[in-house]
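Participant: Please find upload-v9.txt (compact mmCIF, C-alpha atoms) on the next line:
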```txt
# COMPACT_ATOMS: atom_id res chain seq x y z
CA MET A 1 0.00 0.00 0.00
CA GLN A 2 1.30 3.41 -0.91
CA SER A 3 1.61 5.98 1.87
CA GLN A 4 -0.63 8.94 1.29
CA VAL A 5 0.50 12.16 2.84
CA CYS A 6 -1.58 15.16 3.64
CA CYS A 7 -0.20 18.48 2.60
CA ALA A 8 -1.13 22.07 3.41
CA LYS A 9 -2.98 22.44 0.09
CA THR A 10 -5.46 19.65 0.92
CA CYS A 11 -5.79 20.16 4.67
CA ASP A 12 -6.33 23.67 5.93
CA ASN A 13 -5.75 23.29 9.67
CA GLY A 14 -4.41 20.98 12.37
CA VAL A 15 -7.76 19.32 13.09
CA ASN A 16 -8.41 18.57 9.43
CA LYS A 17 -4.88 17.22 9.03
CA MET A 18 -5.27 15.05 12.12
CA LYS A 19 -8.63 13.74 10.82
CA TYR A 20 -6.87 12.76 7.61
CA TYR A 21 -4.10 10.88 9.45
CA LEU A 22 -6.55 9.17 11.78
CA ASN A 23 -8.66 8.04 8.82
CA TYR A 24 -5.50 6.72 7.17
CA ILE A 25 -4.62 4.77 10.34
CA LYS A 26 -8.19 3.39 10.49
CA GLU A 27 -7.86 2.36 6.84
CA ILE A 28 -4.65 0.44 7.58
CA ILE A 29 -6.31 -1.30 10.52
CA ASN A 30 -9.60 -2.08 8.77
CA ASP A 31 -8.44 -2.85 5.22
CA PHE A 32 -5.04 -4.41 5.88
CA ASN A 33 -5.49 -5.97 9.34
CA GLY A 34 -3.19 -3.31 10.75
CA THR A 35 -0.24 -4.51 8.66
CA ILE A 36 1.98 -2.11 6.74
CA ALA A 37 5.54 -2.34 5.40
CA THR A 38 8.23 -0.20 7.01
CA PHE A 39 10.92 1.78 5.20
CA GLU A 40 13.02 -1.43 5.45
CA ASN A 41 10.17 -3.37 3.83
CA LEU A 42 9.55 -5.31 7.05
CA PRO A 43 5.98 -6.13 8.05
CA SER A 44 4.81 -3.97 10.94
CA LEU A 45 1.57 -3.37 12.77
CA PHE A 46 -0.65 -0.45 13.66
CA ILE A 47 -2.45 -1.32 16.91
CA MET A 48 -4.70 1.33 18.39
CA ASN A 49 -6.67 1.58 21.64
CA ILE A 50 -10.29 2.67 21.95
CA GLU A 51 -10.91 6.38 22.41
CA ALA A 52 -10.30 8.27 25.65
CA SER A 53 -13.20 9.97 27.36
CA LYS A 54 -13.22 13.74 27.74
CA TYR A 55 -12.90 13.11 31.48
CA ASP A 56 -9.70 11.07 30.91
CA ILE A 57 -8.18 13.89 28.84
CA VAL A 58 -9.11 16.63 31.34
CA ASP A 59 -7.81 14.46 34.21
CA CYS A 60 -4.55 13.95 32.32
CA ASP A 61 -4.14 17.71 31.77
CA LEU A 62 -4.83 18.39 35.44
CA HIS A 63 -2.44 15.69 36.63
CA LEU A 64 0.35 16.86 34.30
CA LYS A 65 -0.37 20.49 35.32
CA LYS A 66 -0.21 21.59 31.69
CA GLN A 67 -2.31 21.37 28.57
CA LEU A 68 -1.71 18.75 25.93
CA PRO A 69 -1.74 20.20 22.41
CA ASN A 70 -5.10 20.19 20.65
CA ASP A 71 -3.94 17.82 17.88
CA TYR A 72 -2.87 15.22 20.48
CA LYS A 73 -6.16 15.64 22.37
CA PHE A 74 -7.99 15.08 19.08
CA PHE A 75 -5.89 11.93 18.56
CA LEU A 76 -6.77 10.71 22.09
CA GLN A 77 -10.49 11.23 21.39
CA GLU A 78 -10.15 8.73 18.52
CA PHE A 79 -7.46 6.42 19.93
CA ASN A 80 -6.36 6.51 23.56
CA GLY A 81 -2.83 5.61 22.56
CA GLY A 82 -1.56 2.85 20.37
CA VAL A 83 1.45 1.67 18.40
CA LEU A 84 2.60 2.63 14.90
CA PHE A 85 5.07 0.55 12.88
CA LYS A 86 5.41 -2.11 15.59
CA ILE A 87 7.90 -4.87 14.78
CA GLU A 88 7.48 -7.34 17.65
CA ASP A 89 9.11 -5.74 20.71
CA TYR A 90 12.07 -4.41 18.71
CA ALA A 91 10.84 -1.27 17.00
CA GLY A 92 7.91 1.07 16.60
CA PHE A 93 6.34 4.11 18.19
CA LYS A 94 4.10 3.67 21.25
CA LEU A 95 1.81 6.69 21.50
CA LEU A 96 0.91 6.94 25.17
CA SER A 97 -2.64 6.73 26.50
CA THR A 98 -3.89 9.21 29.11
CA ASN A 99 -2.96 6.84 31.98
CA GLU A 100 0.43 6.07 30.42
CA LEU A 101 1.13 9.78 29.93
CA ILE A 102 0.76 10.30 33.67
CA LYS A 103 2.78 7.20 34.64
CA HIS A 104 5.68 7.73 32.22
CA ASN A 105 6.01 11.44 32.98
CA GLU A 106 5.86 10.90 36.75
CA PHE A 107 8.47 8.14 36.53
CA GLN A 108 10.88 10.23 34.44
CA LYS A 109 10.32 13.27 36.64
CA ARG A 110 11.40 11.18 39.66
CA ASN A 111 14.22 9.59 37.65
CA PHE A 112 15.73 12.93 36.54
CA GLY A 113 14.97 14.74 39.81
CA GLN A 114 16.27 18.30 39.81
CA TYR A 115 17.31 18.00 36.16
CA TRP A 116 13.75 17.37 34.90
CA ASN A 117 12.40 20.03 32.54
CA SER A 118 8.85 20.85 33.61
CA GLU A 119 8.07 22.25 30.13
CA ILE A 120 8.25 18.73 28.62
CA ILE A 121 5.46 16.15 28.36
CA LEU A 122 6.62 12.73 27.14
CA PHE A 123 3.98 11.29 24.77
CA CYS A 124 5.65 8.58 22.66
CA GLU A 125 8.01 5.77 23.60
CA CYS A 126 10.39 4.61 20.88
CA ILE A 127 10.13 0.83 21.23
CA GLY A 128 13.45 -0.97 21.56
CA ASP A 129 15.38 2.17 22.50
CA SER A 130 15.83 4.25 25.60
CA GLU A 131 14.14 7.15 23.82
CA TYR A 132 10.91 9.11 23.86
CA LEU A 133 9.32 11.91 21.92
CA GLY A 134 7.94 14.75 23.98
CA PHE A 135 6.09 18.04 23.71
CA LYS A 136 8.17 21.01 24.79
CA ILE A 137 6.04 24.01 25.55
CA ASP A 138 7.73 27.27 24.58
CA GLU A 139 7.14 30.77 25.94
CA ASN A 140 4.35 31.33 23.37
CA GLY A 141 2.51 28.17 24.44
CA LEU A 142 3.48 26.23 21.29
CA HIS A 143 4.11 22.49 21.59
CA ASN A 144 7.30 21.63 19.72
CA ILE A 145 8.38 17.99 19.49
CA VAL A 146 11.65 17.03 21.20
CA TYR A 147 13.70 13.86 20.76
CA CYS A 148 14.32 12.61 24.30
CA ILE A 149 17.33 10.36 24.70
CA MET A 150 17.19 9.08 28.27
CA ASP A 151 21.00 8.91 28.52
CA MET A 152 21.10 12.70 28.14
CA LEU A 153 19.78 15.47 30.36
CA PRO A 154 16.45 17.03 29.33
CA GLN A 155 18.19 20.36 28.69
CA GLU A 156 20.14 18.61 25.90
CA TRP A 157 17.09 17.22 24.10
CA GLU A 158 16.66 18.73 20.63
CA ILE A 159 13.53 20.04 18.96
CA ILE A 160 12.83 17.89 15.88
CA GLU A 161 9.39 19.06 14.80
CA ASN A 162 6.89 21.85 15.38
CA SER A 163 3.65 19.89 15.86
CA PHE A 164 2.21 16.44 16.49
CA ASP A 165 0.30 16.39 13.21
CA THR A 166 3.48 17.17 11.25
CA LEU A 167 5.30 14.38 13.11
CA ILE A 168 2.55 11.84 12.30
CA ASN A 169 2.51 12.97 8.67
CA LYS A 170 6.26 12.45 8.31
CA LEU A 171 6.30 9.15 10.23
CA ILE A 172 3.67 7.77 7.86
CA TYR A 173 5.39 9.21 4.79
CA GLU A 174 8.76 7.83 5.96
CA LYS A 175 7.17 4.46 6.80
CA GLY A 176 8.34 4.49 10.41
CA ARG A 177 11.89 5.75 9.81
CA LYS A 178 13.33 8.09 12.45
CA TYR A 179 13.80 10.75 9.79
CA TRP A 180 15.09 13.33 12.28
CA LEU A 181 18.29 11.30 12.76
CA ASP A 182 19.27 12.15 9.18
CA THR A 183 18.64 15.85 9.59
CA PRO A 184 20.89 18.17 11.57
CA VAL A 185 18.90 19.68 14.43
CA GLY A 186 19.40 22.82 16.47
```
What is this file in C-alpha cells?

Facilitator:
Amino acid sequence: MQSQVCCAKTCDNGVNKMKYYLNYIKEIINDFNGTIATFENLPSLFIMNIEASKYDIVDCDLHLKKQLPNDYKFFLQEFNGGVLFKIEDYAGFKLLSTNELIKHNEFQKRNFGQYWNSEIILFCECIGDSEYLGFKIDENGLHNIVYCIMDMLPQEWEIIENSFDTLINKLIYEKGRKYWLDTPVG
C-alpha cells in the first residue's frame, strides 16, 4: 500500500490534518489488518486503543499540570494511545494513553529529579530504544516535538518538529523511519 500524505494544500488546519491521518490509520487497521511495510520493507503493525473519554483527557491535563496540544487531544479522542510501525518488541512508536502519559512522565520526573524540565510532556516511547518523543512548551505556548534520549539530560534534548500532526505525517510518509536522525537539528 502506498503511503498517502496530507499536505497544506489539501488540509487547511491541524484538526483537518489530524482527521486525515486518523482516517489513514483506520484504513490500515480495517483494510489491511493493521499490517503495513516499514521503510526497510519489514511487516509492521498499527495497533490502536479505543478512544479516551473527555474526562480522561481533562484528568490527564490536570495531573500533568499543563495542557496537551489540541492535535494530540484530538488523537486521544479517537485512539487513547496505540502503536505505529510495531515490529514485535524491537521497534515502533508507542503513543501513550492518558494513563500512560501520567505514569511515564511521573516516573521520568522522579528519575531525573532536579534535572527534569517541567516544560516537557513525554507522549511517545520509541520501542526498543531508551528514547521518547515529547512536547516542549515554549514561551508562546506552542508544543514543539523534542527527541528525548534518556542517557542525556532534558536540557540537551533537541527540537525535531513543530507539531504532532506534522510528526505523524512524516512518520507515515517515511514508513516508520526516524527521519530526524538524518537531519541536523538545532

Participant: Within 7 Å of region 123-136 of chain A, which residues of region 64-92 of chain A show up? Give each one with its shortest atom-to-atom distance in Å (one decimal) and the two atoms involved, counting all atoms listed in the file, rows by chain then rising residue number, as a tab-separated table.

Facilitator:
```
residue	atom	partner	partner_atom	distance
A:Asp89	CA	A:Gly128	CA	6.5
A:Tyr90	CA	A:Gly128	CA	4.7
A:Ala91	CA	A:Ile127	CA	4.8
A:Gly92	CA	A:Ile127	CA	5.1
```

Participant: Return the single residue from A:Asn169, A:Asn105, A:Asn16, A:Ser44 that is closest to Lys86 (chain A), with distances computed using only C-alpha atoms.

Facilitator: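 Smallest separation from Lys86 (chain A) among the options: A:Ser44.
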
Participant: At a cut-off of 10 Å from (8.1, -4.5, 12.8) in the coordinates of the file, what residues are picked up using only C-alpha atoms, written as number ranges by chain?

Facilitator: A: 35-38, 40-46, 84-92, 176

Participant: Which residue is closest to Met150 (chain A)? Choose from A:Gln108, A:Glu78, A:Met18, A:Glu51 and count only C-alpha atoms.

Facilitator: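 Using only C-alpha atoms, Met150 (chain A) sits closest to A:Gln108.
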
Participant: Would you list the contacts of Ile25 (chain A) as a list in words, taking every protein, DNA or RNA residue within 10 Å and counting only C-alpha atoms, but skipping same-chain residues closer than 5 positions in sequence?

Facilitator: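 The neighbour list is Lys19, Tyr20, Asn30, Asp31, Gly34, Phe46, Ile47, Met48, Leu84 and Ile172 of chain A.
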
Participant: Can you pull out the residues contacting Trp157 (chain A)? Cut-off 7 Å, using all atoms listed in the file, and skip same-chain residues under 6 positions away; I want them as a ChimeraX atom specification.

Facilitator: /A:146-149
